[in-house]
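Dropping final-v5.tsv in here (TSV, C-alpha atoms):
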```tsv
chain	number	residue	atom	x	y	z
A	1	MET	CA	117.65	98.49	109.14
A	2	ALA	CA	120.38	95.91	109.61
A	3	ALA	CA	120.84	93.31	106.92
A	4	THR	CA	119.74	90.59	109.34
A	5	ASP	CA	116.56	92.36	110.43
A	6	PRO	CA	113.36	90.82	109.07
A	7	LEU	CA	111.48	92.98	106.61
A	8	PRO	CA	108.21	94.44	107.88
A	9	ASP	CA	104.89	93.11	106.62
A	10	PRO	CA	103.83	95.41	103.76
A	11	ASP	CA	100.16	94.98	104.75
A	12	ARG	CA	100.56	95.72	108.45
A	13	LEU	CA	100.48	98.99	110.38
A	14	GLU	CA	103.62	99.29	112.47
A	15	GLY	CA	102.89	98.58	116.12
A	16	ALA	CA	99.41	97.15	115.46
A	17	PRO	CA	98.25	93.54	115.02
A	18	HIS	CA	98.14	92.17	111.49
A	19	PRO	CA	94.59	92.21	110.04
A	20	ARG	CA	94.48	88.40	110.12
A	21	GLU	CA	95.11	88.60	113.89
A	22	THR	CA	92.26	91.05	114.52
A	23	ALA	CA	89.44	89.29	116.31
A	24	THR	CA	86.54	91.71	115.84
A	25	LEU	CA	85.53	94.02	113.02
A	26	PHE	CA	83.75	97.16	114.18
A	27	GLY	CA	81.34	99.37	112.30
A	28	HIS	CA	80.76	97.39	109.08
A	29	ALA	CA	77.73	95.23	109.78
A	30	GLY	CA	76.12	96.30	106.50
A	31	ALA	CA	79.05	95.07	104.39
A	32	GLU	CA	79.13	91.78	106.30
A	33	ALA	CA	75.41	91.31	105.84
A	34	GLY	CA	75.68	91.98	102.10
A	35	PHE	CA	78.31	89.28	101.67
A	36	LEU	CA	76.46	86.80	103.86
A	37	GLN	CA	73.24	87.35	101.91
A	38	ALA	CA	75.06	86.68	98.62
A	39	PHE	CA	76.56	83.51	100.10
A	40	THR	CA	73.33	82.06	101.49
A	41	SER	CA	71.36	82.89	98.33
A	42	GLY	CA	73.86	81.07	96.12
A	43	ARG	CA	74.95	84.25	94.30
A	44	LEU	CA	78.50	84.45	95.59
A	45	HIS	CA	80.60	86.48	93.13
A	46	HIS	CA	84.08	85.25	92.23
A	47	ALA	CA	85.74	88.62	92.95
A	48	TRP	CA	84.99	91.18	95.64
A	49	MET	CA	86.53	94.64	95.77
A	50	LEU	CA	86.70	96.09	99.28
A	51	THR	CA	86.87	99.86	98.99
A	52	GLY	CA	86.98	102.82	101.33
A	53	PRO	CA	89.57	105.04	103.02
A	54	LYS	CA	92.79	103.56	104.32
A	55	GLY	CA	92.63	102.11	107.79
A	56	VAL	CA	88.89	101.58	108.15
A	57	GLY	CA	89.09	97.76	108.27
A	58	LYS	CA	89.15	96.55	104.65
A	59	ALA	CA	91.94	94.05	105.22
A	60	THR	CA	90.39	92.84	108.47
A	61	LEU	CA	87.14	92.22	106.60
A	62	ALA	CA	88.96	90.43	103.77
A	63	TRP	CA	90.58	88.00	106.20
A	64	ARG	CA	87.25	87.54	107.96
A	65	LEU	CA	85.53	86.68	104.68
A	66	ALA	CA	88.27	84.29	103.57
A	67	ARG	CA	88.25	82.57	106.96
A	68	PHE	CA	84.48	82.16	106.74
A	69	LEU	CA	84.53	80.68	103.23
A	70	LEU	CA	87.31	78.22	103.97
A	71	ALA	CA	85.88	77.10	107.30
A	72	THR	CA	82.23	76.75	106.26
A	73	PRO	CA	81.35	73.30	104.89
A	74	GLU	CA	79.87	73.25	101.42
A	75	ASP	CA	76.16	72.39	101.24
A	76	ASP	CA	75.82	69.01	99.55
A	77	GLY	CA	72.04	69.32	99.39
A	78	GLY	CA	71.47	66.38	101.71
A	79	MET	CA	68.71	66.24	104.29
A	80	PHE	CA	71.25	66.48	107.11
A	81	ALA	CA	72.99	69.56	105.74
A	82	ALA	CA	73.69	72.30	108.26
A	83	PRO	CA	71.34	75.30	108.27
A	84	PRO	CA	72.52	78.41	106.42
A	85	PRO	CA	75.02	80.42	108.48
A	86	THR	CA	73.77	83.62	110.11
A	87	THR	CA	77.17	85.08	110.97
A	88	LEU	CA	80.67	85.26	109.55
A	89	ASP	CA	82.18	84.32	112.92
A	90	VAL	CA	84.66	81.44	112.96
A	91	ALA	CA	85.92	80.07	116.27
A	92	PRO	CA	89.62	80.83	116.91
A	93	GLU	CA	90.29	77.16	117.58
A	94	ASN	CA	88.94	76.15	114.17
A	95	PRO	CA	91.76	74.47	112.19
A	96	VAL	CA	91.28	76.86	109.27
A	97	ALA	CA	91.50	79.87	111.57
A	98	ARG	CA	94.69	78.52	113.10
A	99	ARG	CA	96.29	77.83	109.72
A	100	LEU	CA	95.39	81.25	108.35
A	101	LEU	CA	96.85	82.88	111.43
A	102	GLN	CA	100.14	81.11	110.70
A	103	LEU	CA	99.92	81.77	106.92
A	104	ALA	CA	99.84	77.99	106.50
A	105	GLU	CA	96.43	77.44	104.91
A	106	PRO	CA	97.03	75.50	101.66
A	107	ARG	CA	93.82	76.80	100.05
A	108	HIS	CA	94.62	80.49	100.52
A	109	PHE	CA	96.98	82.82	98.65
A	110	LEU	CA	98.15	86.21	99.96
A	111	LEU	CA	99.30	88.62	97.24
A	112	ARG	CA	101.23	91.64	98.50
A	113	ARG	CA	104.47	93.51	97.84
A	114	ALA	CA	107.48	91.22	97.94
A	115	PRO	CA	111.11	91.91	98.90
A	116	ASN	CA	113.27	93.51	96.20
A	117	ASP	CA	115.84	91.50	94.25
A	118	LYS	CA	118.48	91.92	96.96
A	119	GLU	CA	115.91	91.27	99.73
A	120	THR	CA	117.11	94.40	101.52
A	121	ALA	CA	113.77	96.22	101.37
A	122	LEU	CA	110.22	95.79	100.16
A	123	SER	CA	109.38	96.51	96.55
A	124	GLN	CA	107.42	99.67	95.94
A	125	VAL	CA	104.89	97.85	93.75
A	126	ILE	CA	103.31	94.44	93.31
A	127	SER	CA	105.03	93.00	90.26
A	128	VAL	CA	103.66	90.80	87.50
A	129	ASP	CA	105.80	87.94	88.82
A	130	GLU	CA	103.78	87.91	92.04
A	131	VAL	CA	100.51	87.74	90.08
A	132	ARG	CA	101.92	84.87	88.07
A	133	LYS	CA	102.69	83.01	91.28
A	134	MET	CA	99.04	83.40	92.26
A	135	LYS	CA	97.86	82.13	88.88
A	136	SER	CA	100.17	79.12	89.19
A	137	PHE	CA	98.82	78.47	92.67
A	138	PHE	CA	95.25	78.32	91.38
A	139	ALA	CA	96.28	76.19	88.40
A	140	LEU	CA	96.88	73.39	90.88
A	141	THR	CA	93.87	71.34	91.93
A	142	ALA	CA	92.83	71.78	95.54
A	143	ALA	CA	93.47	68.68	97.63
A	144	ASP	CA	89.84	68.41	98.71
A	145	GLY	CA	88.31	70.04	95.65
A	146	GLY	CA	86.76	72.69	97.90
A	147	ARG	CA	86.80	76.43	98.01
A	148	ARG	CA	89.97	78.49	97.62
A	149	THR	CA	90.56	82.15	98.35
A	150	ALA	CA	93.08	84.93	97.73
A	151	ILE	CA	93.58	88.37	99.25
A	152	ILE	CA	95.29	91.11	97.23
A	153	ASP	CA	96.52	93.85	99.57
A	154	ALA	CA	96.45	96.25	97.93
A	155	VAL	CA	95.45	96.22	94.30
A	156	ASP	CA	96.38	99.94	94.10
A	157	GLU	CA	100.05	98.90	94.45
A	158	MET	CA	100.15	96.82	91.28
A	159	ASN	CA	102.25	98.01	88.37
A	160	PRO	CA	100.56	98.06	84.93
A	161	ALA	CA	101.84	94.62	83.93
A	162	ALA	CA	100.57	93.11	87.18
A	163	ALA	CA	97.18	94.80	86.74
A	164	ASN	CA	96.81	93.38	83.24
A	165	ALA	CA	97.75	89.91	84.47
A	166	LEU	CA	95.14	90.19	87.22
A	167	LEU	CA	92.55	91.27	84.67
A	168	LYS	CA	93.08	88.07	82.69
A	169	LEU	CA	92.52	86.06	85.86
A	170	LEU	CA	89.31	87.95	86.56
A	171	GLU	CA	88.11	87.36	82.99
A	172	GLU	CA	88.69	83.61	83.28
A	173	PRO	CA	88.38	82.86	87.01
A	174	PRO	CA	89.46	79.43	88.25
A	175	PRO	CA	86.61	77.26	89.53
A	176	ASN	CA	85.60	77.58	93.18
A	177	VAL	CA	87.99	80.49	93.79
A	178	THR	CA	87.00	83.75	95.48
A	179	LEU	CA	89.28	86.78	95.22
A	180	PHE	CA	89.26	89.69	97.66
A	181	LEU	CA	90.80	92.86	96.24
A	182	ILE	CA	91.59	95.64	98.72
A	183	ALA	CA	91.43	99.02	97.00
A	184	HIS	CA	92.12	102.35	98.70
A	185	GLN	CA	91.56	104.41	95.53
A	186	PRO	CA	89.43	102.33	93.15
A	187	ALA	CA	88.96	105.21	90.70
A	188	ARG	CA	92.62	104.85	89.72
A	189	LEU	CA	92.23	101.19	88.77
A	190	LEU	CA	91.49	99.84	85.32
A	191	PRO	CA	87.73	100.17	84.70
A	192	THR	CA	87.77	96.60	83.39
A	193	ILE	CA	89.07	95.36	86.74
A	194	ARG	CA	86.42	97.29	88.67
A	195	SER	CA	83.64	96.06	86.40
A	196	ARG	CA	84.50	92.41	87.07
A	197	CYS	CA	84.26	92.76	90.84
A	198	ARG	CA	81.37	93.20	93.21
A	199	GLU	CA	82.06	96.12	95.52
A	200	LEU	CA	81.82	96.17	99.29
A	201	ARG	CA	82.31	99.79	100.33
A	202	LEU	CA	83.45	100.46	103.88
A	203	THR	CA	82.73	103.89	105.34
A	204	PRO	CA	84.66	105.87	107.99
A	205	LEU	CA	84.07	104.65	111.52
A	206	ALA	CA	81.89	106.51	114.01
A	207	PRO	CA	83.66	107.74	117.18
A	208	GLN	CA	82.61	104.78	119.36
A	209	ASP	CA	83.48	102.16	116.74
A	210	LEU	CA	86.79	103.91	116.12
A	211	ALA	CA	87.59	103.91	119.84
A	212	ASP	CA	86.73	100.21	120.14
A	213	ALA	CA	88.82	99.27	117.10
A	214	LEU	CA	91.75	101.37	118.30
A	215	THR	CA	91.62	99.75	121.74
A	216	GLN	CA	91.60	96.29	120.12
A	217	ALA	CA	94.68	97.28	118.07
A	218	GLY	CA	96.55	98.23	121.23
A	219	GLY	CA	95.94	101.97	121.13
A	220	ASP	CA	94.67	104.05	124.00
A	221	ILE	CA	92.06	106.80	123.79
A	222	ALA	CA	90.40	108.81	126.54
A	223	PRO	CA	86.60	109.08	126.27
A	224	GLU	CA	86.78	112.86	125.97
A	225	ASP	CA	89.10	112.53	122.93
A	226	ARG	CA	86.89	110.23	120.85
A	227	THR	CA	85.15	112.91	118.82
A	228	ALA	CA	88.34	114.84	118.10
A	229	LEU	CA	90.19	111.69	117.06
A	230	ALA	CA	87.34	110.61	114.78
A	231	GLU	CA	87.37	114.06	113.15
A	232	LEU	CA	91.12	114.21	112.59
A	233	SER	CA	91.51	110.58	111.52
A	234	GLY	CA	88.57	110.65	109.13
A	235	GLY	CA	87.20	107.55	110.87
A	236	SER	CA	90.32	105.55	109.99
A	237	VAL	CA	91.81	103.24	112.62
A	238	GLY	CA	95.16	103.37	110.87
A	239	GLU	CA	95.27	107.16	110.95
A	240	ALA	CA	93.96	107.22	114.53
A	241	PHE	CA	96.77	104.87	115.51
A	242	ARG	CA	99.30	107.24	113.97
A	243	LEU	CA	97.74	110.22	115.71
A	244	THR	CA	97.79	108.58	119.12
A	245	ASN	CA	101.37	107.33	118.70
A	246	LEU	CA	102.63	110.81	117.75
A	247	ASP	CA	100.47	112.91	120.11
A	248	GLY	CA	98.50	114.15	117.12
A	249	LEU	CA	95.68	115.66	119.18
A	250	LYS	CA	98.19	117.80	121.10
A	251	LEU	CA	99.89	118.84	117.87
A	252	TYR	CA	96.57	119.86	116.33
A	253	ALA	CA	95.67	121.83	119.44
A	254	ALA	CA	99.05	123.59	119.21
A	255	LEU	CA	98.38	124.43	115.57
A	256	THR	CA	94.96	125.90	116.31
A	257	ARG	CA	96.44	127.97	119.16
A	258	LEU	CA	99.03	129.27	116.71
A	259	PHE	CA	96.43	130.00	114.04
A	260	SER	CA	94.30	131.86	116.57
A	261	THR	CA	96.99	134.59	116.37
A	262	LEU	CA	96.35	135.11	112.63
A	263	PRO	CA	96.70	137.43	110.80
A	264	ARG	CA	99.57	138.43	113.09
A	265	LEU	CA	101.30	135.08	113.41
A	266	ASP	CA	102.99	134.49	116.74
A	267	ARG	CA	106.56	133.94	115.52
A	268	PRO	CA	107.91	132.29	118.71
A	269	GLN	CA	105.09	129.72	118.63
A	270	ALA	CA	105.66	129.12	114.93
A	271	LEU	CA	109.41	128.67	115.41
A	272	ALA	CA	108.81	126.21	118.25
A	273	LEU	CA	106.65	124.03	115.98
A	274	ALA	CA	109.14	124.30	113.12
A	275	GLU	CA	112.02	123.27	115.39
A	276	LEU	CA	109.96	120.32	116.63
A	277	ALA	CA	109.44	119.16	113.05
A	278	GLY	CA	113.11	119.67	112.19
A	279	ALA	CA	114.57	117.79	115.14
A	280	ARG	CA	116.72	114.73	114.51
A	281	GLY	CA	114.58	111.62	114.05
A	282	ALA	CA	111.38	113.67	113.79
A	283	ALA	CA	110.47	112.79	110.19
A	284	GLU	CA	107.17	111.23	111.27
A	285	THR	CA	106.29	114.32	113.33
A	286	PHE	CA	107.04	116.55	110.34
A	287	ASP	CA	104.82	114.43	108.08
A	288	LEU	CA	102.03	114.53	110.63
A	289	LEU	CA	102.26	118.33	111.04
A	290	VAL	CA	102.03	118.74	107.27
A	291	THR	CA	98.96	116.48	107.29
A	292	LEU	CA	97.38	118.44	110.13
A	293	ILE	CA	97.97	121.80	108.43
A	294	ASP	CA	96.33	120.44	105.29
A	295	LEU	CA	93.46	119.10	107.38
A	296	PHE	CA	92.93	122.43	109.15
A	297	LEU	CA	92.84	124.27	105.82
A	298	ALA	CA	90.37	121.73	104.44
A	299	ARG	CA	88.14	122.22	107.48
A	300	LEU	CA	88.35	125.98	106.99
A	301	ALA	CA	87.41	125.69	103.32
A	302	ARG	CA	84.55	123.29	104.02
A	303	PHE	CA	83.11	125.48	106.76
A	304	GLY	CA	83.36	128.64	104.65
A	305	ALA	CA	81.68	126.95	101.68
A	306	THR	CA	78.86	125.20	103.56
A	307	GLY	CA	78.43	127.15	106.79
A	308	GLN	CA	78.08	123.82	108.59
A	309	THR	CA	79.92	123.74	111.91
A	310	PRO	CA	81.88	120.48	112.36
A	311	PRO	CA	82.44	118.73	115.68
A	312	GLU	CA	85.30	120.50	117.43
A	313	ALA	CA	88.67	118.76	117.11
A	314	ALA	CA	90.56	121.18	119.40
A	315	PRO	CA	89.59	123.77	122.04
A	316	ASN	CA	88.07	126.91	120.50
A	317	GLU	CA	88.44	125.54	116.97
A	318	VAL	CA	84.88	126.36	115.96
A	319	GLN	CA	85.31	130.00	116.95
A	320	LEU	CA	88.48	130.09	114.85
A	321	LEU	CA	86.70	128.62	111.83
A	322	HIS	CA	84.01	131.29	112.07
A	323	ARG	CA	86.60	134.06	112.21
A	324	LEU	CA	88.92	132.87	109.44
A	325	ALA	CA	86.32	131.54	106.97
A	326	PRO	CA	83.24	133.73	107.29
A	327	HIS	CA	82.16	133.45	103.63
A	328	PRO	CA	82.63	131.37	100.44
A	329	GLN	CA	85.31	133.72	99.10
A	330	ALA	CA	87.48	132.88	102.10
A	331	ALA	CA	86.72	129.19	101.55
A	332	ARG	CA	88.12	129.39	98.02
A	333	ALA	CA	91.26	131.15	99.24
A	334	TRP	CA	91.90	128.49	101.88
A	335	ALA	CA	91.21	125.66	99.43
A	336	GLU	CA	93.68	127.14	96.92
A	337	LEU	CA	96.28	127.56	99.65
A	338	ALA	CA	95.85	123.92	100.70
A	339	GLN	CA	96.65	122.80	97.15
A	340	THR	CA	99.64	125.13	96.95
A	341	LEU	CA	101.11	124.04	100.28
A	342	SER	CA	100.60	120.37	99.52
A	343	ALA	CA	102.58	120.76	96.29
A	344	ARG	CA	105.31	122.76	98.08
A	345	ALA	CA	105.63	120.09	100.76
A	346	ARG	CA	105.99	117.33	98.15
A	347	ARG	CA	108.63	119.28	96.25
A	348	GLY	CA	110.47	120.20	99.43
A	349	LYS	CA	110.66	116.58	100.57
A	350	ALA	CA	111.77	115.46	97.11
A	351	VAL	CA	114.81	117.77	97.19
A	352	ASN	CA	115.52	117.22	100.91
A	353	LEU	CA	114.82	120.75	102.08
A	354	ASP	CA	115.31	121.41	105.78
A	355	PRO	CA	112.04	120.30	107.43
A	356	ALA	CA	112.06	123.19	109.92
A	357	ALA	CA	112.51	125.76	107.15
A	358	LEU	CA	109.87	124.09	104.99
A	359	LEU	CA	107.32	124.03	107.80
A	360	MET	CA	108.06	127.63	108.76
A	361	ASP	CA	107.54	128.66	105.14
A	362	MET	CA	104.15	126.91	105.15
A	363	LEU	CA	103.09	128.69	108.33
A	364	LEU	CA	104.10	132.05	106.88
A	365	LYS	CA	102.02	131.34	103.76
A	366	VAL	CA	99.02	130.66	106.01
A	367	ASP	CA	99.66	133.99	107.75
A	368	GLU	CA	99.96	135.76	104.41
A	369	THR	CA	96.61	134.40	103.23
A	370	ALA	CA	94.93	135.36	106.50
A	371	GLY	CA	96.33	138.87	106.14
A	372	SER	CA	95.02	139.19	102.57
A	373	LEU	CA	91.54	138.06	103.62
A	374	ALA	CA	91.50	140.51	106.53
A	375	LEU	CA	92.02	143.40	104.08
A	376	ARG	CA	89.04	142.46	101.88
```
Please lay out the structure from this file as structure tokens.
Amino acid sequence: MAATDPLPDPDRLEGAPHPRETATLFGHAGAEAGFLQAFTSGRLHHAWMLTGPKGVGKATLAWRLARFLLATPEDDGGMFAAPPPTTLDVAPENPVARRLLQLAEPRHFLLRRAPNDKETALSQVISVDEVRKMKSFFALTAADGGRRTAIIDAVDEMNPAAANALLKLLEEPPPNVTLFLIAHQPARLLPTIRSRCRELRLTPLAPQDLADALTQAGGDIAPEDRTALAELSGGSVGEAFRLTNLDGLKLYAALTRLFSTLPRLDRPQALALAELAGARGAAETFDLLVTLIDLFLARLARFGATGQTPPEAAPNEVQLLHRLAPHPQAARAWAELAQTLSARARRGKAVNLDPAALLMDMLLKVDETAGSLALR
């Protein structure tokens, strides 16, 4: 990145619209209804934690909720007060919606990773200084005395000092302020932070909702690929976007064709995949192949342990699952291998091992495990 290039948004998927620009939220009517019911009943909590896998729409929902709160007039109890709202929708031409779109709403604070000290890259964490800026923002009195909001994207990225500073804010919340905390892995957060928030849990998207959300984000998915993409992405729009951009469905199909040769691995096919991962500028392809290998092993282990056949994510995959994981003992072997390979991949990347050699080593370990199971 050149020194003059603008830094990317830390809370935006490359190539996709920012969550504040996303017009429609798909697949989370239950979470929306829960918030709306709390609002209309007068039991609106001061802090909401939006949880669920990455890429399912947590940030889009957070912006939708903040937009709703800031654009909805407060009920003064008069006889001419507007009826309670029945939807979170806010018209795009609403002044609040326009200001939020431009990050110019004076009653809203966005807390996310900031540039580093030299402003050459984004910080890896949200620092305590950023939390202090938010606390200073809320220490000021709102111009109209009305509602104020903040979005923290994502609370998982806070360092310990920032987390403790946030906890103090949650313990003594400013008046008329609503915080929206986006958490990808809430179990890793301080229990005291979790306990002071009301949770809205978002679940993986169904195939049709995923396809609709992906299309809205600028992705493209053929109807016949919806089930496979939902399976491989775990119902995450973000992961589905990555898969479509990198031909992930074709890569997974190539992997299953290769694994259909187990326990006598087809070396030319394996070398072709390894060379693809090791090509210049193919770091994202390598990362995706590692993810897909881990996913295939997880599907093997789950099928062997439960006997439940999943929707097919590649041609003839179900037949392959039956052959390679016919019993719980095989499931344990595949699960253990998945853990081993994941650790090897992390170590290999940390010491800059050749991606092609690293991937080939992983494929050979899969072949070795298949051979051991065939002898039992």
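The list of residues with at least one atom within 9 Å of A:Asn316, based on only C-alpha atoms and without residues fewer than 4 positions apart in the same chain, reads Thr256, Arg257, Ser260, Glu312, Leu320 and Leu321 of chain A.
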To one decimal place in Å, what is the distance between atom CA of A:Met134 and atom CA of A:Thr149?
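Atom CA of A:Thr149 lies 10.5 Å from atom CA of A:Met134.
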For a cutoff of 10 Å around the file-coordinate point (79.2, 99.2, 111.4), which residues qualify once you count only C-alpha atoms? I'd like the result as a list of chain:residue names.
A:Leu25, A:Phe26, A:Gly27, A:His28, A:Ala29, A:Gly30, A:Ala31, A:Glu32, A:Leu202, A:Thr203, A:Pro204, A:Leu205, A:Ala206, A:Asp209
For stretch 231-238 of chain A, list every protein, DNA or RNA residue within 7 Å, evaluated using all atoms listed in the file, and leave out those in the same chain fewer than 4 positions away; present the list as a PDB file with C-alpha atoms, in the frame of the given file.
```
ATOM      1  CA  LEU A  13     100.480  98.990 110.380  1.00  0.00           C
ATOM      2  CA  LYS A  54      92.790 103.560 104.320  1.00  0.00           C
ATOM      3  CA  GLY A  55      92.630 102.110 107.790  1.00  0.00           C
ATOM      4  CA  VAL A  56      88.890 101.580 108.150  1.00  0.00           C
ATOM      5  CA  PRO A 204      84.660 105.870 107.990  1.00  0.00           C
ATOM      6  CA  LEU A 205      84.070 104.650 111.520  1.00  0.00           C
ATOM      7  CA  ALA A 206      81.890 106.510 114.010  1.00  0.00           C
ATOM      8  CA  LEU A 210      86.790 103.910 116.120  1.00  0.00           C
ATOM      9  CA  ALA A 213      88.820  99.270 117.100  1.00  0.00           C
ATOM     10  CA  LEU A 214      91.750 101.370 118.300  1.00  0.00           C
ATOM     11  CA  THR A 227      85.150 112.910 118.820  1.00  0.00           C
ATOM     12  CA  ARG A 242      99.300 107.240 113.970  1.00  0.00           C
ATOM     13  CA  ALA A 313      88.670 118.760 117.110  1.00  0.00           C
TER      14      ALA A 313
END
```
Interatomic distance, atom CA of A:Arg43 to atom CA of A:Pro83 (Å, one decimal)
17.0 Å
So, with only C-alpha atoms as the atoms that count, which of A:Val128, A:Ile293, A:Ala47, A:Val90 lies closest to A:Pro175?
A:Ala47
